[in-house]
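Trainee: You'll find coords35.txt just under this line, and it carries compact mmCIF, C-alpha atoms and all ligand atoms.
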```
# COMPACT_ATOMS: atom_id res chain seq x y z
CA MET G 10 2.72 16.96 -0.49
CA LEU G 11 0.48 18.87 -2.85
CA GLU G 12 -2.07 20.89 -0.91
CA ARG G 13 -5.17 20.79 -3.08
CA PRO G 14 -4.53 18.54 -6.02
CA GLU G 15 -7.05 18.46 -8.82
CA ALA G 16 -7.99 15.53 -11.00
CA GLY G 17 -7.02 16.07 -14.62
CA LEU G 18 -4.37 18.60 -13.60
CA HIS G 19 -2.21 17.09 -10.89
CA TYR G 20 -3.22 13.47 -11.26
CA PRO G 21 -5.08 11.45 -13.88
CA GLY G 22 -8.77 11.10 -13.18
CA SER G 23 -9.35 7.93 -15.17
CA LEU G 24 -7.59 4.98 -16.73
CA ALA G 25 -7.88 6.63 -20.15
CA GLU G 26 -6.21 9.74 -18.76
CA LEU G 27 -3.50 7.69 -17.06
CA ARG G 28 -2.59 6.10 -20.38
CA SER G 29 -2.65 9.32 -22.34
CA TRP G 30 -0.54 11.13 -19.73
CA PHE G 31 2.01 8.35 -19.44
CA PRO G 32 2.41 6.72 -22.85
CA ASP G 33 6.10 6.02 -22.26
CA ASP G 34 8.79 5.87 -19.59
CA ASP G 35 9.97 9.44 -20.28
CA ALA G 36 6.59 10.83 -19.37
CA CYS G 37 6.56 8.76 -16.16
CA LEU G 38 10.06 9.96 -15.28
CA ASP G 39 9.03 13.57 -15.83
CA PHE G 40 6.08 13.13 -13.48
CA LEU G 41 8.38 11.74 -10.76
CA ASP G 42 10.75 14.63 -11.45
CA TRP G 43 7.89 17.08 -10.94
CA LEU G 44 6.83 15.36 -7.70
CA GLN G 45 10.39 15.34 -6.41
CA TRP G 46 11.26 18.92 -7.38
CA PRO G 47 8.07 20.88 -8.08
CA GLN G 48 10.05 24.15 -8.04
CA GLY G 49 12.82 22.74 -10.20
CA PHE G 50 15.88 20.66 -9.42
CA THR G 51 17.62 21.05 -6.07
CA CYS G 52 20.69 18.95 -5.42
CA PRO G 53 20.15 16.52 -2.52
CA HIS G 54 23.88 16.70 -1.72
CA CYS G 55 24.64 20.43 -1.77
CA ASP G 56 21.26 22.16 -2.18
CA SER G 57 22.42 23.87 -5.34
CA SER G 58 19.77 24.56 -7.93
CA ARG G 59 22.26 25.09 -10.75
CA SER G 60 22.19 22.06 -12.97
CA TRP G 61 21.88 20.75 -16.48
CA ARG G 62 20.17 17.71 -17.88
CA LEU G 63 22.23 14.84 -19.22
CA PRO G 64 21.07 12.84 -22.23
CA ASP G 65 20.12 9.91 -19.97
CA GLY G 66 17.68 12.07 -18.00
CA ARG G 67 19.90 12.58 -14.96
CA TYR G 68 20.94 15.99 -13.65
CA SER G 69 24.50 17.14 -13.42
CA CYS G 70 24.80 19.39 -10.38
CA GLY G 71 26.49 22.73 -10.97
CA GLY G 72 27.41 22.98 -7.28
CA CYS G 73 29.04 19.68 -6.40
CA ARG G 74 29.38 18.19 -9.89
CA ARG G 75 27.59 15.05 -8.87
CA ARG G 76 25.17 13.27 -11.16
CA VAL G 77 21.76 12.93 -9.65
CA SER G 78 18.97 10.71 -10.88
CA VAL G 79 15.33 11.45 -10.16
CA THR G 80 14.77 7.93 -8.93
CA ALA G 81 17.89 7.71 -6.73
CA GLY G 82 16.91 7.03 -3.14
CA THR G 83 13.30 6.23 -4.05
CA ILE G 84 11.56 2.88 -4.43
CA PHE G 85 12.27 3.17 -8.17
CA HIS G 86 16.02 3.24 -7.56
CA ARG G 87 17.84 1.24 -10.23
CA THR G 88 14.64 -0.50 -11.16
CA ARG G 89 14.78 -2.84 -14.11
CA THR G 90 11.03 -2.64 -14.45
CA PRO G 91 9.89 0.06 -16.87
CA LEU G 92 8.14 2.98 -15.21
CA THR G 93 5.06 2.45 -17.36
CA VAL G 94 4.61 -0.88 -15.58
CA TRP G 95 5.17 0.71 -12.17
CA PHE G 96 2.60 3.41 -12.92
CA GLU G 97 -0.05 1.03 -14.10
CA ALA G 98 0.56 -1.21 -11.07
CA ALA G 99 0.16 1.84 -8.81
CA TRP G 100 -3.07 2.68 -10.56
CA LEU G 101 -4.50 -0.84 -10.13
CA LEU G 102 -3.40 -0.95 -6.52
CA THR G 103 -5.03 2.34 -5.58
CA VAL G 104 -8.06 2.63 -7.81
CA GLN G 105 -9.56 -0.84 -7.60
CA LYS G 106 -11.95 -1.14 -4.71
CA HIS G 107 -10.12 -4.08 -3.16
CA GLY G 108 -6.63 -3.25 -4.38
CA ALA G 109 -4.56 -5.77 -6.24
CA SER G 110 -2.93 -9.11 -5.59
CA ALA G 111 0.37 -10.15 -7.11
CA LEU G 112 -1.42 -12.78 -9.16
CA GLY G 113 -4.00 -10.27 -10.39
CA LEU G 114 -1.27 -7.80 -11.30
CA GLN G 115 0.70 -10.43 -13.13
CA ARG G 116 -2.35 -11.32 -15.20
CA VAL G 117 -3.56 -7.81 -15.95
CA LEU G 118 -0.17 -6.40 -16.86
CA GLY G 119 0.92 -9.55 -18.62
CA LEU G 120 4.02 -9.75 -16.43
CA GLY G 121 6.18 -12.77 -17.08
CA SER G 122 6.75 -13.68 -13.48
CA TYR G 123 4.74 -13.75 -10.29
CA GLN G 124 7.86 -12.70 -8.39
CA THR G 125 8.18 -9.46 -10.32
CA ALA G 126 4.58 -8.59 -9.58
CA TRP G 127 4.99 -9.52 -5.93
CA VAL G 128 8.11 -7.43 -5.43
CA ARG G 129 6.58 -4.41 -7.22
CA LEU G 130 3.51 -4.56 -5.00
CA HIS G 131 5.57 -4.83 -1.85
CA ARG G 132 7.71 -1.84 -2.75
CA PHE G 133 4.50 0.15 -3.13
CA ARG G 134 2.99 -1.29 0.02
CA ARG G 135 6.01 -0.07 1.94
CA ALA G 136 5.30 3.39 0.60
CA MET G 137 1.70 3.16 1.78
CA VAL G 138 2.27 4.72 5.15
CA VAL G 139 -0.67 6.31 6.84
CA SER G 140 0.25 9.93 6.26
CA ASP G 141 -2.86 11.34 7.90
CA ARG G 142 -1.26 12.82 11.00
CA ASP G 143 -4.55 13.60 12.73
CA LYS G 144 -4.99 10.98 15.39
CA LEU G 145 -8.36 9.36 16.00
CA SER G 146 -10.53 11.26 18.47
CA GLY G 147 -13.91 11.33 20.19
CA GLU G 148 -15.24 7.88 21.01
CA VAL G 149 -12.82 5.25 19.81
CA GLU G 150 -13.33 1.47 19.93
CA VAL G 151 -10.18 -0.59 20.45
CA ASP G 152 -9.77 -4.36 20.28
CA GLU G 153 -7.30 -7.04 19.21
CA THR G 154 -7.55 -10.05 16.94
CA PHE G 155 -5.34 -12.84 15.65
CA ILE G 156 -4.54 -13.13 11.96
CA ASP G 157 -3.66 -16.59 10.72
CA GLY G 158 -0.31 -17.05 9.09
CA LYS G 159 -1.80 -19.58 6.70
CA ASN G 160 1.23 -19.93 4.50
CA LYS G 161 3.61 -20.90 7.24
CA PRO G 162 1.65 -22.60 9.97
CA GLY G 163 3.61 -22.62 13.18
CA LYS G 164 6.70 -21.22 11.55
CA CYS G 165 6.37 -17.49 11.66
CA GLY G 166 7.87 -17.20 15.10
CA ARG G 167 5.49 -14.50 16.29
CA GLY G 168 2.26 -14.75 18.19
CA THR G 169 0.75 -18.08 19.07
CA ALA G 170 0.86 -21.09 16.77
CA GLY G 171 1.50 -19.19 13.55
CA LYS G 172 -0.88 -16.38 14.38
CA THR G 173 -0.06 -12.71 14.49
CA LEU G 174 -1.69 -10.33 16.93
CA VAL G 175 -3.24 -7.19 15.45
CA VAL G 176 -4.75 -4.26 17.33
CA GLY G 177 -7.34 -2.01 15.70
CA ALA G 178 -9.08 1.24 16.58
CA ILE G 179 -12.05 2.94 14.95
CA GLU G 180 -13.71 6.30 15.53
CA ARG G 181 -17.44 6.31 16.19
CA LEU G 182 -19.46 9.07 14.57
CA PRO G 183 -20.50 11.85 16.97
CA GLU G 184 -23.36 11.14 19.33
CA GLY G 185 -26.69 10.20 17.88
CA ARG G 186 -25.26 9.15 14.53
CA ARG G 187 -24.72 5.56 13.55
CA GLY G 188 -21.61 4.59 11.69
CA PHE G 189 -17.89 5.02 11.82
CA ARG G 190 -15.12 7.21 10.53
CA ARG G 191 -11.43 6.43 10.35
CA VAL G 192 -9.45 3.38 11.47
CA ARG G 193 -5.89 2.52 12.48
CA MET G 194 -4.30 -0.89 12.79
CA ALA G 195 -0.96 -2.29 13.89
CA VAL G 196 0.81 -5.58 14.47
CA ILE G 197 1.71 -5.87 18.14
CA ALA G 198 3.98 -8.34 19.86
CA ASP G 199 1.54 -9.15 22.67
CA ALA G 200 -1.53 -7.84 24.46
CA THR G 201 0.33 -6.38 27.41
CA SER G 202 -0.39 -2.90 28.75
CA ALA G 203 2.91 -1.64 27.36
CA SER G 204 2.19 -2.79 23.79
CA LEU G 205 -1.37 -1.46 23.85
CA ARG G 206 -0.26 1.83 25.36
CA GLU G 207 2.24 2.37 22.58
CA PHE G 208 -0.45 1.85 19.95
CA VAL G 209 -2.99 4.06 21.73
CA ALA G 210 -0.49 6.89 22.24
CA ALA G 211 0.56 6.81 18.58
CA ASN G 212 -2.96 6.71 17.18
CA ILE G 213 -5.50 8.25 19.54
CA GLU G 214 -5.73 11.89 20.55
CA PRO G 215 -5.46 12.55 24.30
CA GLY G 216 -8.84 13.51 25.71
CA SER G 217 -10.62 10.82 23.70
CA THR G 218 -12.81 8.12 25.16
CA VAL G 219 -11.46 4.63 24.59
CA ILE G 220 -14.05 1.86 24.51
CA SER G 221 -12.64 -1.63 24.99
CA ASP G 222 -13.57 -5.01 26.38
CA ALA G 223 -12.62 -5.95 29.93
CA LEU G 224 -9.15 -7.24 29.07
CA THR G 225 -7.02 -6.58 32.13
CA SER G 226 -4.27 -4.89 30.11
CA TYR G 227 -6.42 -1.89 29.19
CA PRO G 228 -6.60 -0.12 32.55
CA GLY G 229 -2.80 -0.21 32.67
CA ALA G 230 -2.51 0.93 29.07
CA LEU G 231 -4.86 3.86 29.61
CA LYS G 232 -3.90 4.94 33.10
CA GLY G 233 -3.28 8.60 33.68
CA GLU G 234 -5.34 11.61 32.74
CA GLU G 235 -5.02 11.44 28.98
CA TYR G 236 -7.81 9.06 28.11
CA GLU G 237 -11.24 8.32 29.45
CA HIS G 238 -11.65 4.58 29.55
CA GLN G 239 -15.01 2.89 29.02
CA PRO G 240 -14.51 -0.84 29.53
CA ILE G 241 -17.33 -3.16 28.57
CA ASN G 242 -17.67 -6.48 30.31
CA VAL G 243 -18.91 -8.70 27.52
CA LYS G 244 -19.74 -11.67 29.77
CA ARG G 245 -21.73 -9.64 32.23
CA SER G 246 -23.62 -7.65 29.60
CA GLY G 247 -25.29 -10.73 28.12
CA LEU G 248 -24.60 -9.35 24.63
CA LYS G 249 -22.15 -10.55 22.01
CA ALA G 250 -18.78 -8.82 21.59
CA HIS G 251 -19.67 -7.71 18.06
CA GLU G 252 -22.77 -5.96 19.38
CA LEU G 253 -20.87 -4.08 22.04
CA LEU G 254 -17.88 -3.16 19.89
CA PRO G 255 -19.54 -3.19 16.46
CA GLY G 256 -17.07 -0.94 14.65
CA VAL G 257 -13.84 -2.65 15.48
CA HIS G 258 -15.36 -6.10 14.93
CA ARG G 259 -16.63 -5.00 11.54
CA ILE G 260 -13.21 -3.79 10.38
CA PHE G 261 -11.58 -6.99 11.59
CA SER G 262 -14.02 -9.05 9.57
CA LEU G 263 -13.54 -6.79 6.51
CA LEU G 264 -9.79 -7.14 6.94
CA LYS G 265 -9.97 -10.93 7.11
CA ARG G 266 -12.29 -11.09 4.14
CA TRP G 267 -9.86 -8.95 2.14
CA LEU G 268 -6.84 -11.03 3.15
CA ASP G 269 -8.65 -14.26 2.27
CA GLY G 270 -10.46 -12.89 -0.78
CA THR G 271 -8.41 -10.49 -2.87
CA LEU G 272 -5.11 -11.73 -1.53
CA GLN G 273 -6.30 -15.34 -1.21
CA GLY G 274 -4.62 -15.73 2.13
CA ALA G 275 -1.18 -15.28 0.57
CA VAL G 276 -0.05 -13.00 3.38
CA GLU G 277 3.37 -13.38 4.88
CA PRO G 278 3.41 -12.56 8.60
CA ASP G 279 6.54 -10.45 8.13
CA HIS G 280 4.66 -8.18 5.76
CA LEU G 281 1.38 -8.02 7.62
CA GLN G 282 1.97 -4.43 8.78
CA SER G 283 2.25 -3.32 5.15
CA TYR G 284 -1.04 -5.03 4.35
CA LEU G 285 -2.64 -3.33 7.34
CA ASN G 286 -1.43 0.07 6.12
CA GLU G 287 -2.91 -0.60 2.72
CA PHE G 288 -6.21 -1.70 4.24
CA VAL G 289 -6.35 1.38 6.50
CA LEU G 290 -5.61 3.80 3.66
CA ARG G 291 -8.28 2.28 1.49
CA PHE G 292 -10.85 2.07 4.27
CA ASN G 293 -10.31 5.69 5.31
CA ARG G 294 -10.86 6.84 1.75
CA ARG G 295 -13.84 4.59 1.09
CA HIS G 296 -16.19 7.52 0.46
CA ALA G 297 -13.78 9.49 -1.70
CA ARG G 298 -15.10 10.15 -5.18
CA ARG G 299 -11.70 10.89 -6.67
CA ARG G 300 -9.89 7.61 -6.52
CA GLY G 301 -7.00 8.85 -8.61
CA LEU G 302 -5.99 11.03 -5.67
CA LEU G 303 -4.74 7.94 -3.85
CA PHE G 304 -2.59 7.16 -6.90
CA LEU G 305 -1.00 10.61 -6.60
CA ARG G 306 -0.46 10.19 -2.85
CA LEU G 307 1.15 6.80 -3.39
CA LEU G 308 3.59 8.17 -5.96
CA GLU G 309 4.35 11.12 -3.68
CA GLN G 310 5.22 8.69 -0.91
CA ALA G 311 7.09 6.46 -3.35
CA VAL G 312 9.57 9.19 -4.29
CA ASN G 313 10.18 9.72 -0.59
CA THR G 314 10.52 6.09 0.42
CA LYS G 315 13.91 4.45 0.51
CA PRO G 316 14.27 1.42 -1.69
CA LEU G 317 14.38 -1.97 -0.07
CA SER G 318 16.44 -4.59 -1.79
CA TYR G 319 14.86 -7.76 -3.01
CA LYS G 320 16.94 -9.63 -0.46
CA ALA G 321 15.78 -7.45 2.39
CA LEU G 322 12.21 -7.80 1.23
CA VAL G 323 12.16 -11.58 1.27
CA ALA G 324 14.62 -12.37 4.02
CA ASN G 325 13.30 -13.12 7.46
CA PRO G 326 15.06 -10.89 9.96
CA GLN G 327 15.13 -13.89 12.29
CA PRO G 328 17.81 -16.50 11.70
CA THR G 329 15.30 -19.27 10.99
CA GLY G 330 15.66 -18.79 7.26
CA ARG G 331 13.62 -17.05 4.65
CA VAL G 332 9.90 -16.63 4.66
CA GLY G 333 7.51 -15.06 2.26
CA ARG G 334 9.65 -15.70 -0.75
CA PRO G 335 7.34 -15.89 -3.72
CA PRO G 336 7.56 -18.98 -5.90
CA GLY G 337 9.03 -18.94 -9.39
CA ALA G 338 12.00 -17.33 -11.04
CA ARG G 339 12.67 -13.60 -11.25
CA GLU G 340 12.11 -12.00 -14.58
CA TRP G 341 11.85 -8.41 -15.76
CA PRO G 342 8.92 -7.22 -17.79
CA GLY G 343 9.00 -5.22 -20.98
CA THR G 344 7.70 -1.68 -21.10
CA LEU G 345 4.02 -1.00 -21.52
CA ALA G 346 4.84 1.89 -23.82
CA ALA G 347 3.32 1.19 -27.18
CA GLU G 348 3.15 2.98 -30.48
CA ALA G 349 -0.32 3.70 -31.73
CA LEU G 350 -1.13 0.99 -34.24
CA ASP G 351 -3.40 1.69 -37.15
CA ARG G 352 -6.34 -0.65 -36.59
CA PRO G 353 -4.36 -3.89 -36.81
CA TRP G 354 -7.55 -5.98 -36.79
CA ARG G 355 -8.38 -4.60 -40.24
CA SER G 356 -5.28 -6.13 -41.72
CA ALA G 357 -6.01 -9.51 -40.14
CA THR G 358 -7.39 -11.91 -42.69
CA PRO G 359 -10.94 -13.02 -41.91
CA ASP G 360 -9.92 -16.70 -42.10
CA SER G 361 -7.42 -16.48 -39.30
CA THR G 362 -10.07 -15.33 -36.84
CA ALA G 363 -12.01 -18.56 -37.29
CA GLY G 364 -9.19 -21.03 -36.84
CA PRO G 365 -6.97 -21.59 -33.83
CA PRO G 366 -4.71 -18.60 -33.12
CA GLU G 367 -1.35 -18.80 -34.82
CA ALA G 368 1.69 -18.86 -32.64
CA GLY G 369 2.95 -15.35 -32.06
CA ARG G 370 -0.26 -13.58 -32.97
CA HIS G 371 -0.78 -12.51 -29.42
CA SER G 372 2.81 -11.60 -28.83
CA GLU G 373 2.04 -7.94 -28.15
CA ASN G 374 -0.32 -8.91 -25.37
CA ALA G 375 1.91 -11.53 -23.94
CA ARG G 376 4.79 -9.15 -23.36
ZN ZN B 401 25.17 19.21 -5.70
```
Any chance you could put this one into structure tokens?
Ligand SMILES: [Zn+2]
Mentor:
Amino acid sequence: MLERPEAGLHYPGSLAELRSWFPDDDACLDFLDWLQWPQGFTCPHCDSSRSWRLPDGRYSCGGCRRRVSVTAGTIFHRTRTPLTVWFEAAWLLTVQKHGASALGLQRVLGLGSYQTAWVRLHRFRRAMVVSDRDKLSGEVEVDETFIDGKNKPGKCGRGTAGKTLVVGAIERLPEGRRGFRRVRMAVIADATSASLREFVAANIEPGSTVISDALTSYPGALKGEEYEHQPINVKRSGLKAHELLPGVHRIFSLLKRWLDGTLQGAVEPDHLQSYLNEFVLRFNRRHARRRGLLFLRLLEQAVNTKPLSYKALVANPQPTGRVGRPPGAREWPGTLAAEALDRPWRSATPDSTAGPPEAGRHSENAR
């Protein structure tokens, strides 16, 4: 990962810059090449740096004679979608305040099929791992909530009656200051001590204070010397749960609003963890001025994330059949690369603007 990336140098700082940096697929490929091998090509098979470029953009390794493609072993592996489309999708996903839905992406990029947009987004979502290795620390609120599996009521096979259990944690600001810092979230199988302990150990620094409700699983999950536990008995306090654990309740309601709003509830239980990762990344960077940085981080992760086949993406690992398969046929979009046109509106006859649009006039946009 780049240590101190700068906007305008390491990543585009605006949509205008994105489009001028990446006018065609070659430019996109070169950017991925640079991310993959910033010091120049190194063979993933034999570590040789002796190589030459083939006309199709691949490297021919001077050590083992293999042909290596920049996108091999990444989420772009053998993609039939032009890289210009991938890049613009990544930009929309990371720069827009609430991210992007498959339907939104399909509309904005003029993609022919909803499925294409859906699969692209999911490949990226899989690359959206929370790379911030610093665990939460200080005073941390922890709680669980159920997320509805609206699409497949009663069919998702996890949780209770089509609902999936999610655990969340949020850091409180240091004493005397109101507000919150970073969050973490995960899908858990159940609210047992073992499941909660696994989440806490993976996400919260030992020595921290964990604030939870009086659920009986917490003492078991937090036993030992590592964490100080501050349980709050909601019933006995006379206050509401959202007043006692304001941070974690707030992120749960933001999460639900995002799932129902931007994504319009079209969340497949099997992919919920990916959605949580996306939500966490965006929430933790909510104050960042440079939004393009998240675009760079996503592409960095993308070249290091193994591709997942379409089949693997839509197939339910359980033998009950397939879930989460988007409707419609698969279709591959054309490139977004475009030659600069010389003011085409000037050559349009004034009459044609008044009448109904002729068939084919909008063909460039519809691609
Ligand atoms: Zn080699």
Trainee: Using only C-alpha atoms, which residues sit within 10 Å of Gln282 (chain G) once same-chain residues fewer than 6 positions away are excluded, as a list in words?
Mentor: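 Using only C-alpha atoms, the neighbours found are Arg134, Arg135, Val138, Val175, Met194, Ala195, Val196, Ile197 and Phe288 of chain G.
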Trainee: As a quick test: using only C-alpha atoms and all ligand atoms, which residues lie no more than 8 Å away from ligand ZN 401 (chain B)? Give them as a list in words.
Mentor: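 Those residues are Thr51, Cys52, Pro53, His54, Cys55, Asp56, Ser57, Ser58, Cys70, Gly71, Gly72, Cys73, Arg74 and Arg75 of chain G.
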Trainee: Let me make sure I understand: among G:Ala136, G:Val79, G:Ile220, G:Val117, which one has the smallest atom-to-atom distance to Leu308 (chain G) if we use only C-alpha atoms?
Mentor: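 Of G:Ala136, G:Val79, G:Ile220, G:Val117, the one nearest Leu308 (chain G), counting only C-alpha atoms, is G:Ala136.
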Trainee: Quick one: residues within 12 Å of region 311-316 of chain G, all atoms listed in the file counted, chain neighbours fewer than 5 positions away excluded, as a PyMOL selection string?
Mentor: chain G and resi 10+38+40-46+78-88+95-96+99+128-138+303-306+321-322
Trainee: I need the residue nearest Leu18 (chain G) from this list: G:Asn212, G:Gly119, G:Leu302, G:Ile179. Use only C-alpha atoms for the distance.
Mentor: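 With only C-alpha atoms as the atom set, the closest residue is G:Leu302.
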Trainee: Skip region 290-294 of chain G itself and residues of its chain fewer than 3 positions away, then list as a PyMOL selection string all residues within 8 Å of it, counting only C-alpha atoms.
Mentor: chain G and resi 103+106+137+139+190-192+286-287+297
Trainee: From the set G:Ile213, G:Leu307, G:Thr154, G:Thr218, which residue has the shortest atom-to-atom contact distance to His258 (chain G), counting only C-alpha atoms?
Mentor: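 The answer is G:Thr154, which sits nearest to His258 (chain G).
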